[in-house]
>>> print(open('target_35.cif').read())   # mmCIF, C-alpha atoms and all ligand atoms
data_target
#
loop_
_atom_site.label_atom_id
_atom_site.label_comp_id
_atom_site.auth_asym_id
_atom_site.auth_seq_id
_atom_site.Cartn_x
_atom_site.Cartn_y
_atom_site.Cartn_z
CA MET A 209 34.20 -42.98 12.56
CA ALA A 210 33.51 -46.31 14.29
CA CYS A 211 33.07 -44.40 17.54
CA LEU A 212 30.51 -42.07 15.92
CA CYS A 213 28.54 -45.05 14.51
CA ALA A 214 28.48 -46.71 17.91
CA MET A 215 27.20 -43.47 19.50
CA LEU A 216 24.44 -43.21 16.88
CA GLU A 217 23.41 -46.85 17.44
CA ALA A 218 23.25 -46.25 21.18
CA PHE A 219 21.13 -43.08 20.66
CA LYS A 220 18.73 -44.93 18.31
CA ARG A 221 18.12 -47.56 20.96
CA SER A 222 17.58 -45.00 23.78
CA PRO A 223 13.99 -43.80 24.59
CA GLU A 224 14.87 -40.26 23.33
CA GLY A 225 16.17 -41.73 20.06
CA SER A 226 13.05 -43.77 19.34
CA ALA A 227 10.79 -40.79 20.26
CA LEU A 228 12.73 -38.59 17.83
CA ALA A 229 12.47 -41.27 15.10
CA SER A 230 8.68 -41.44 15.61
CA ILE A 231 8.39 -37.64 15.32
CA GLY A 232 10.54 -37.73 12.17
CA LEU A 233 8.34 -40.44 10.62
CA PHE A 234 5.19 -38.48 11.51
CA LEU A 235 6.57 -35.27 9.92
CA LEU A 236 7.62 -37.22 6.81
CA ALA A 237 4.13 -38.74 6.51
CA LEU A 238 2.63 -35.24 6.92
CA CYS A 239 4.86 -33.85 4.11
CA ILE A 240 3.93 -36.76 1.80
CA PHE A 241 0.21 -36.26 2.57
CA LYS A 242 0.48 -32.50 1.90
CA PHE A 243 2.28 -33.11 -1.41
CA VAL A 244 -0.23 -35.76 -2.58
CA HIS A 245 -3.18 -33.55 -1.49
CA THR A 246 -1.75 -30.51 -3.35
CA CYS A 247 -1.22 -32.58 -6.55
CA ALA A 248 -4.73 -34.11 -6.34
CA MET A 249 -6.34 -30.68 -5.77
CA PHE A 250 -4.35 -29.24 -8.69
CA VAL A 251 -5.62 -31.95 -11.08
CA TYR A 252 -9.20 -31.72 -9.75
CA THR A 253 -9.52 -27.90 -9.87
CA GLN A 254 -7.67 -27.46 -13.17
CA PHE A 255 -8.99 -30.37 -15.23
CA VAL A 256 -11.88 -32.23 -13.59
CA ARG A 257 -14.23 -29.81 -11.80
CA GLY A 258 -17.00 -28.27 -13.89
CA GLY A 259 -17.76 -24.53 -14.05
CA ALA A 260 -20.40 -22.64 -12.05
CA ASN A 261 -23.21 -20.77 -13.81
CA PRO A 262 -22.43 -17.05 -13.34
CA ARG A 263 -26.12 -16.16 -13.78
CA LYS A 264 -26.71 -17.34 -10.23
CA PHE A 265 -25.00 -14.12 -9.08
CA GLY A 266 -27.32 -11.78 -11.02
CA GLU A 267 -28.29 -10.57 -14.49
CA TRP A 268 -25.48 -8.16 -15.27
CA ALA A 269 -21.69 -8.49 -15.34
CA VAL A 270 -19.67 -5.26 -15.14
CA VAL A 271 -16.17 -5.53 -16.57
CA THR A 272 -13.61 -2.73 -16.28
CA GLY A 273 -10.90 -2.35 -18.92
CA ALA A 274 -13.14 -4.30 -21.28
CA ASN A 275 -11.85 -2.99 -24.61
CA SER A 276 -8.86 -5.35 -24.83
CA GLY A 277 -6.95 -8.25 -23.31
CA ILE A 278 -8.32 -10.20 -20.36
CA GLY A 279 -11.20 -7.74 -19.81
CA GLU A 280 -12.57 -8.10 -23.34
CA SER A 281 -12.31 -11.90 -23.13
CA MET A 282 -14.02 -11.96 -19.72
CA ALA A 283 -16.88 -9.82 -21.07
CA ARG A 284 -17.24 -12.28 -23.97
CA GLN A 285 -17.43 -15.21 -21.54
CA PHE A 286 -20.25 -13.60 -19.53
CA ALA A 287 -22.17 -12.71 -22.71
CA LYS A 288 -21.74 -16.31 -23.89
CA LYS A 289 -23.41 -17.42 -20.62
CA LYS A 290 -26.31 -15.06 -21.49
CA MET A 291 -25.50 -12.39 -18.95
CA ASN A 292 -25.98 -8.74 -19.91
CA VAL A 293 -22.71 -6.86 -19.78
CA VAL A 294 -21.51 -3.37 -18.86
CA LEU A 295 -18.22 -2.58 -20.59
CA MET A 296 -16.23 0.09 -18.77
CA GLY A 297 -13.09 1.83 -19.94
CA ARG A 298 -11.57 4.91 -21.52
CA SER A 299 -11.83 4.32 -25.22
CA GLU A 300 -15.41 4.80 -26.42
CA ALA A 301 -14.76 3.63 -29.98
CA ALA A 302 -13.03 0.41 -28.89
CA LEU A 303 -15.71 -0.34 -26.26
CA GLU A 304 -18.52 0.22 -28.81
CA GLU A 305 -16.77 -2.16 -31.19
CA VAL A 306 -16.71 -4.89 -28.50
CA ALA A 307 -20.34 -4.10 -27.56
CA LYS A 308 -21.45 -4.49 -31.17
CA SER A 309 -19.72 -7.85 -31.47
CA LEU A 310 -21.23 -9.16 -28.18
CA ARG A 311 -24.76 -8.03 -29.08
CA SER A 312 -24.64 -9.66 -32.50
CA SER A 313 -22.92 -12.89 -31.35
CA TYR A 314 -24.88 -13.56 -28.15
CA GLY A 315 -28.07 -11.41 -28.31
CA VAL A 316 -27.50 -9.91 -24.85
CA GLU A 317 -27.86 -6.29 -23.67
CA VAL A 318 -24.57 -4.43 -23.56
CA ASN A 319 -24.05 -0.98 -21.99
CA VAL A 320 -20.92 1.06 -22.49
CA VAL A 321 -19.64 3.32 -19.70
CA VAL A 322 -16.78 5.57 -20.73
CA ALA A 323 -14.70 6.52 -17.71
CA ASP A 324 -11.10 7.13 -16.73
CA LEU A 325 -10.90 4.90 -13.67
CA SER A 326 -7.69 6.48 -12.44
CA ASP A 327 -9.80 9.58 -11.71
CA VAL A 328 -11.06 8.72 -8.25
CA SER A 329 -12.79 12.06 -7.64
CA ALA A 330 -16.24 11.90 -6.02
CA ASP A 331 -17.82 13.36 -9.20
CA ASN A 332 -16.40 10.65 -11.47
CA LEU A 333 -17.38 7.86 -9.08
CA GLU A 334 -20.91 9.24 -8.68
CA THR A 335 -21.32 9.32 -12.47
CA ILE A 336 -20.18 5.69 -12.73
CA ALA A 337 -22.37 4.56 -9.81
CA ALA A 338 -25.40 6.27 -11.43
CA GLU A 339 -24.88 4.13 -14.57
CA LEU A 340 -25.08 0.95 -12.45
CA GLU A 341 -27.79 2.06 -10.04
CA ASP A 342 -30.81 0.38 -11.65
CA LEU A 343 -29.05 -2.81 -12.77
CA ASP A 344 -29.03 -6.19 -11.04
CA VAL A 345 -25.23 -6.29 -10.95
CA GLY A 346 -24.31 -9.91 -10.24
CA VAL A 347 -20.62 -9.81 -11.08
CA LEU A 348 -18.10 -6.97 -10.98
CA VAL A 349 -14.77 -7.77 -12.63
CA ASN A 350 -12.19 -5.23 -11.50
CA ASN A 351 -9.80 -5.88 -14.37
CA ALA A 352 -8.56 -2.44 -15.53
CA GLY A 353 -4.97 -2.02 -14.52
CA MET A 354 -1.67 -0.45 -15.48
CA SER A 355 1.98 -1.21 -14.91
CA TYR A 356 5.32 0.46 -15.71
CA ASP A 357 6.27 0.82 -19.35
CA HIS A 358 9.39 -1.24 -18.64
CA PHE A 359 11.46 -2.50 -15.69
CA ASP A 360 12.98 0.53 -13.96
CA ASP A 361 14.23 2.07 -10.72
CA LEU A 362 11.57 3.80 -8.65
CA GLU A 363 13.00 7.30 -9.10
CA ALA A 364 13.24 6.86 -12.90
CA VAL A 365 9.49 6.31 -13.24
CA ASP A 366 7.37 9.43 -13.70
CA ALA A 367 5.79 10.40 -10.35
CA ASP A 368 2.38 11.12 -11.93
CA ARG A 369 2.37 7.68 -13.55
CA LEU A 370 3.08 6.02 -10.19
CA ALA A 371 0.26 7.95 -8.52
CA GLN A 372 -2.08 7.07 -11.41
CA LEU A 373 -1.08 3.40 -11.12
CA VAL A 374 -1.98 3.26 -7.43
CA GLN A 375 -5.24 5.12 -8.04
CA LEU A 376 -6.28 2.74 -10.84
CA ASN A 377 -4.99 -0.57 -9.45
CA CYS A 378 -6.00 0.04 -5.82
CA THR A 379 -8.22 3.06 -5.04
CA SER A 380 -10.62 2.76 -7.96
CA LEU A 381 -10.90 -1.05 -7.51
CA MET A 382 -11.77 -0.54 -3.84
CA LEU A 383 -14.28 2.28 -4.53
CA LEU A 384 -16.02 0.43 -7.38
CA THR A 385 -16.38 -2.60 -5.11
CA ARG A 386 -17.82 -0.30 -2.46
CA ALA A 387 -20.30 1.11 -4.97
CA VAL A 388 -21.82 -2.27 -6.00
CA LEU A 389 -21.95 -3.86 -2.54
CA PRO A 390 -25.17 -2.30 -1.17
CA GLY A 391 -27.13 -3.72 -4.16
CA MET A 392 -25.46 -7.14 -3.92
CA LYS A 393 -26.01 -7.32 -0.16
CA SER A 394 -29.69 -6.37 -0.44
CA ARG A 395 -30.23 -9.01 -3.16
CA ARG A 396 -28.13 -11.46 -1.11
CA ARG A 397 -26.12 -12.57 -4.14
CA GLY A 398 -23.11 -11.28 -6.04
CA LEU A 399 -19.45 -11.72 -6.85
CA VAL A 400 -16.57 -9.27 -7.07
CA LEU A 401 -13.71 -10.71 -9.10
CA ASN A 402 -10.46 -8.77 -8.77
CA VAL A 403 -7.63 -9.24 -11.26
CA SER A 404 -4.32 -9.21 -9.42
CA SER A 405 -0.97 -10.47 -10.75
CA GLY A 406 1.48 -13.31 -10.18
CA SER A 407 4.02 -10.58 -9.32
CA ALA A 408 2.18 -10.12 -6.01
CA ASP A 409 2.78 -13.79 -5.13
CA MET A 410 6.50 -13.66 -5.82
CA PRO A 411 8.80 -13.00 -2.84
CA SER A 412 9.93 -9.75 -4.51
CA CYS A 413 9.55 -7.89 -7.77
CA PRO A 414 12.39 -5.35 -8.03
CA LEU A 415 12.15 -2.65 -10.72
CA LEU A 416 8.36 -3.16 -10.83
CA SER A 417 8.01 -2.54 -7.10
CA VAL A 418 4.95 -0.24 -7.11
CA TYR A 419 3.05 -2.48 -9.56
CA ALA A 420 3.69 -5.61 -7.47
CA ALA A 421 2.82 -3.75 -4.25
CA SER A 422 -0.43 -2.47 -5.77
CA LYS A 423 -1.38 -6.04 -6.65
CA ARG A 424 -0.55 -7.22 -3.11
CA PHE A 425 -3.10 -4.63 -1.99
CA VAL A 426 -5.61 -6.30 -4.35
CA ASP A 427 -4.83 -9.76 -2.89
CA SER A 428 -5.10 -8.70 0.74
CA PHE A 429 -8.21 -6.57 0.15
CA SER A 430 -9.95 -9.40 -1.72
CA VAL A 431 -9.26 -12.07 0.91
CA SER A 432 -10.49 -9.85 3.75
CA MET A 433 -13.56 -8.77 1.78
CA ASP A 434 -14.45 -12.37 0.93
CA TYR A 435 -14.78 -13.19 4.62
CA GLU A 436 -16.48 -9.85 5.39
CA LEU A 437 -19.14 -10.60 2.76
CA ARG A 438 -19.85 -14.29 3.33
CA THR A 439 -22.72 -13.67 5.77
CA PHE A 440 -24.46 -11.75 2.94
CA ASN A 441 -24.00 -14.58 0.41
CA VAL A 442 -21.69 -12.30 -1.60
CA ARG A 443 -18.20 -13.42 -2.64
CA CYS A 444 -14.97 -11.58 -3.42
CA GLN A 445 -12.34 -13.56 -5.34
CA VAL A 446 -8.96 -12.72 -6.77
CA VAL A 447 -7.23 -14.19 -9.82
CA ALA A 448 -3.49 -13.85 -10.37
CA PRO A 449 -2.32 -14.10 -13.99
CA MET A 450 1.35 -14.66 -14.71
CA TYR A 451 1.82 -13.99 -18.45
CA VAL A 452 -1.11 -13.31 -20.79
CA VAL A 453 -0.92 -11.93 -24.34
CA SER A 454 -1.95 -8.25 -24.08
CA LYS A 455 -0.96 -4.63 -24.62
CA LEU A 456 0.10 -4.42 -20.99
CA SER A 457 2.34 -7.50 -20.96
CA LYS A 458 3.70 -6.81 -24.48
CA PHE A 459 3.55 -10.58 -25.17
CA ARG A 460 2.19 -10.95 -28.69
CA ARG A 461 2.00 -14.71 -29.08
CA ALA A 462 0.54 -17.37 -26.82
CA SER A 463 2.72 -20.31 -25.74
CA LEU A 464 2.72 -22.95 -23.01
CA PHE A 465 3.40 -20.37 -20.30
CA VAL A 466 1.88 -17.30 -21.99
CA ALA A 467 -1.89 -17.65 -22.07
CA HIS A 468 -4.13 -16.25 -24.79
CA PRO A 469 -6.66 -13.92 -23.08
CA ASP A 470 -9.56 -16.07 -24.36
CA ALA A 471 -8.01 -19.19 -22.83
CA TYR A 472 -7.30 -17.29 -19.61
CA ALA A 473 -10.89 -16.01 -19.37
CA ALA A 474 -12.34 -19.46 -20.12
CA ALA A 475 -10.18 -20.98 -17.38
CA THR A 476 -11.23 -18.22 -14.94
CA MET A 477 -14.93 -18.98 -15.51
CA ARG A 478 -14.41 -22.44 -14.00
CA PHE A 479 -13.26 -20.84 -10.74
CA LEU A 480 -16.17 -18.41 -10.26
CA GLY A 481 -17.58 -18.67 -6.75
CA ARG A 482 -14.97 -21.25 -5.69
CA GLU A 483 -11.58 -20.58 -4.00
CA THR A 484 -10.93 -17.03 -2.75
CA VAL A 485 -7.47 -16.87 -4.35
CA CYS A 486 -7.26 -18.53 -7.79
CA TRP A 487 -4.57 -19.31 -10.35
CA PRO A 488 -6.92 -20.44 -13.10
CA PHE A 489 -4.40 -21.15 -15.85
CA TRP A 490 -2.64 -24.45 -15.16
CA THR A 491 0.88 -23.51 -16.30
CA HIS A 492 0.67 -20.29 -14.25
CA ALA A 493 -0.24 -22.36 -11.18
CA LEU A 494 2.79 -24.60 -11.83
CA MET A 495 5.08 -21.59 -12.30
CA LEU A 496 3.93 -20.04 -9.02
CA GLY A 497 4.27 -23.39 -7.23
CA ALA A 498 7.86 -23.67 -8.50
CA ILE A 499 8.64 -20.07 -7.49
CA LYS A 500 7.29 -20.68 -3.98
CA ALA A 501 9.40 -23.84 -3.64
CA VAL A 502 12.65 -21.90 -4.26
CA PRO A 503 14.14 -20.24 -1.14
CA ALA A 504 13.24 -16.53 -1.25
CA CYS A 505 16.87 -15.32 -1.04
CA ILE A 506 17.83 -17.36 -4.14
CA PHE A 507 14.74 -16.24 -6.07
CA ASN A 508 15.21 -12.57 -5.11
CA ASN A 509 18.83 -12.44 -6.31
CA ARG A 510 18.08 -14.30 -9.58
CA TYR A 511 15.04 -12.13 -10.29
CA LEU A 512 17.01 -8.94 -9.70
CA VAL A 513 19.59 -10.10 -12.27
CA TYR A 514 16.75 -10.81 -14.76
CA ALA A 515 15.04 -7.45 -14.09
CA ARG A 516 18.30 -5.47 -14.45
CA GLY A 517 18.94 -7.33 -17.73
CA MET A 518 15.49 -6.34 -19.01
CA GLN A 519 16.09 -2.74 -17.92
CA ARG A 520 19.47 -2.58 -19.71
CA ALA A 521 17.96 -4.13 -22.86
CA PHE A 522 15.22 -1.46 -22.85
CA TYR A 523 17.70 1.44 -22.60
CA LYS A 524 19.94 -0.10 -25.29
CA ARG A 525 16.95 -0.37 -27.63
CA GLN A 526 15.94 3.19 -26.85
CA LYS A 527 19.48 4.44 -27.61
CA ARG A 528 19.48 2.57 -30.94
CA VAL A 529 16.14 4.14 -31.90
CA GLN A 530 17.43 7.63 -31.00
CA LEU A 531 20.61 7.11 -33.05
CA ALA A 532 18.59 5.86 -36.01
CA LYS A 533 16.36 8.95 -35.78
CA LYS A 534 19.43 11.23 -35.69
CA ASP A 535 20.83 9.52 -38.82
CA GLU A 536 17.59 10.13 -40.79
N1 LIG A 601 -1.22 -9.64 -19.34
C1 LIG A 601 -0.52 -10.10 -18.32
O1 LIG A 601 0.48 -10.80 -18.49
C2 LIG A 601 -0.95 -9.76 -16.92
C3 LIG A 601 -0.22 -10.31 -15.87
C4 LIG A 601 -0.58 -10.03 -14.58
C5 LIG A 601 -1.67 -9.21 -14.33
N2 LIG A 601 -2.37 -8.67 -15.35
C6 LIG A 601 -3.51 -7.80 -15.03
O2 LIG A 601 -4.59 -8.08 -15.88
C7 LIG A 601 -5.40 -6.92 -16.02
C8 LIG A 601 -5.75 -6.72 -17.49
O3 LIG A 601 -4.60 -6.43 -18.22
P1 LIG A 601 -4.31 -6.99 -19.68
O4 LIG A 601 -3.11 -7.80 -19.59
O5 LIG A 601 -5.53 -7.57 -20.26
O6 LIG A 601 -3.86 -5.67 -20.42
P2 LIG A 601 -4.64 -4.67 -21.40
O7 LIG A 601 -5.13 -5.37 -22.60
O8 LIG A 601 -3.72 -3.51 -21.60
O9 LIG A 601 -5.89 -4.25 -20.52
C9 LIG A 601 -5.87 -3.25 -19.56
C10 LIG A 601 -7.21 -2.59 -19.62
O10 LIG A 601 -7.27 -1.59 -18.60
C11 LIG A 601 -7.74 -0.39 -19.21
N3 LIG A 601 -7.29 0.80 -18.54
C12 LIG A 601 -6.01 1.22 -18.39
N4 LIG A 601 -6.01 2.40 -17.76
C13 LIG A 601 -7.31 2.74 -17.53
C14 LIG A 601 -7.95 3.84 -16.93
N5 LIG A 601 -7.25 4.86 -16.41
N6 LIG A 601 -9.30 3.86 -16.88
C15 LIG A 601 -10.02 2.85 -17.41
N7 LIG A 601 -9.48 1.77 -17.99
C16 LIG A 601 -8.13 1.72 -18.04
C17 LIG A 601 -7.16 -0.45 -20.61
O11 LIG A 601 -7.85 0.47 -21.44
P3 LIG A 601 -7.05 1.43 -22.47
O12 LIG A 601 -7.06 0.66 -23.76
O13 LIG A 601 -7.89 2.66 -22.49
O14 LIG A 601 -5.69 1.65 -21.92
C18 LIG A 601 -7.42 -1.90 -20.97
O15 LIG A 601 -8.73 -2.09 -21.38
C19 LIG A 601 -4.61 -5.78 -15.40
O16 LIG A 601 -5.14 -5.49 -14.13
C20 LIG A 601 -3.21 -6.33 -15.26
O17 LIG A 601 -2.50 -5.77 -14.19
C21 LIG A 601 -2.03 -8.93 -16.65
#
>>> encode(input="target_35.cif", output="structure tokens", more="lines below")
Ligand SMILES: NC(=O)c1ccc[n+]([C@@H]2O[C@H](COP(=O)([O-])OP(=O)(O)OC[C@H]3O[C@@H](n4cnc5c(N)ncnc54)[C@H](OP(=O)(O)O)[C@@H]3O)[C@@H](O)[C@H]2O)c1
Amino acid sequence: MACLCAMLEAFKRSPEGSALASIGLFLLALCIFKFVHTCAMFVYTQFVRGGANPRKFGEWAVVTGANSGIGESMARQFAKKKMNVVLMGRSEAALEEVAKSLRSSYGVEVNVVVADLSDVSADNLETIAAELEDLDVGVLVNNAGMSYDHFDDLEAVDADRLAQLVQLNCTSLMLLTRAVLPGMKSRRRGLVLNVSSGSADMPSCPLLSVYAASKRFVDSFSVSMDYELRTFNVRCQVVAPMYVVSKLSKFRRASLFVAHPDAYAAATMRFLGRETVCWPFWTHALMLGAIKAVPACIFNNRYLVYARGMQRAFYKRQKRVQLAKKDE
């Protein structure tokens, strides 16, 4: 032991030892600076910075999947800022209900476009594009999305559902963006806001693999598009919710980590036209920061255990329901 200490002392005093100590100090200072900068930016973007006026992008906001959840709340936020709104989705009755409420609360124009966005045929897309043709579309919110019904193995999920998921979450998002860009570019203003998912930022998402992969497409597409469009003064941003109360997430009550869609939409408004990739809800940003700090191999194994547990719980519940039905 004494011999080892003496060797260390000798190394510290050698030119190599002092050079190594300087490099170590420099790296430590860099880590401390990065940590302080990240914390300061978190506080500034989440709590201090004011919101941008979305009207600077144009007169109309188009929101897909606007009859419930995050989409409905986003549409409400744009109407509140006196933007006219196009509500797009499948359910005419539910969309008309939202339209009625927005018109009476905010006195803005609201158009309803009924469309199944997982149908990416040329005919369907032409019909949708025709509805938007004469409007000054300032903001497109690609929000409509679907996931699995529950955690499951790839081969247990219906093949048609998987194909529909990719068409809705990826193809239709990309083609709708493509449809509004010529107008935005010619007016030299506009914003495409894509709704991704925190699952795309996690190192892995077993038993929801296609959903998470589809959202990684959204992330990558959005970042590339943002740079492609900057010379035209058009932006493309992506927001990544973790847990938000909705039909899709099956969370029914808001809590510290589960955002209410209204709170999520209000937080998102403060990020419009700012960072390309945004985590607008502060506890979601903390959760993702914590996930990224854990070594991927540890996270992946723990998450697999959680996902398998959720899968088993679903099948147990389903068995109980079937038995109860048999008994009736
Ligand atoms: N809630 C969360 O915890 C969470 C987390 C991460 C990401 N997200 C993302 O947030 C977005 C909004 O989801 P949400 O949580 O607000 O759930 P939601 O309330 O179920 O909203 C999904 C919307 O998409 C619409 N939609 C589904 N399939 C469609 C289709 N084929 N054509 C047109 N519209 C369709 C739904 O309309 P119908 O009523 O007709 O089905 C609904 O309006 C999704 O992209 C989702 O992936 C949500």
>>> axis_aligned_box(input="target_35.cif", around="ligand LIG 601 (chain A)", padding_each_side="6 Å", output="JSON")
{"center_x": -4.8, "center_y": -3.0, "center_z": -18.9, "size_x": 22.5, "size_y": 27.7, "size_z": 21.6}
>>> residues_around(input="target_35.cif", residues="Leu416 of chain A", least_positions_apart="5", cutoff="7 Å", atoms="all atoms listed in the file", output="JSON, numbers by chain")
{"A": [356, 359, 360]}
>>> write_last_selection(input="target_35.cif", atoms="C-alpha atoms", output="PDB file, in the frame of the given file")
ATOM      1  CA  TYR A 356       5.320   0.460 -15.710  1.00  0.00           C
ATOM      2  CA  PHE A 359      11.460  -2.500 -15.690  1.00  0.00           C
ATOM      3  CA  ASP A 360      12.980   0.530 -13.960  1.00  0.00           C
TER       4      ASP A 360
END
>>> residues_around(input="target_35.cif", residues="segment 307-322 of chain A", least_positions_apart="4", cutoff="9 Å", atoms="only C-alpha atoms", output="PyMOL selection string")
chain A and resi 268+283-284+287-300+302-303+336+339
>>> closest_residue(input="target_35.cif", among="A:Glu304, A:Glu224, A:Glu436, A:Asp361", to="Val418 of chain A", atoms="only C-alpha atoms")
A:Asp361
>>> closest_residue(input="target_35.cif", among="A:Gln445, A:Asn509, A:Ser412, A:Thr272", to="Gly481 of chain A", atoms="all atoms listed in the file")
A:Gln445
>>> residues_near_ligand(input="target_35.cif", ligand="ligand LIG 601 (chain A)", cutoff="6 Å", atoms="all atoms listed in the file", output="count of residues only")
31
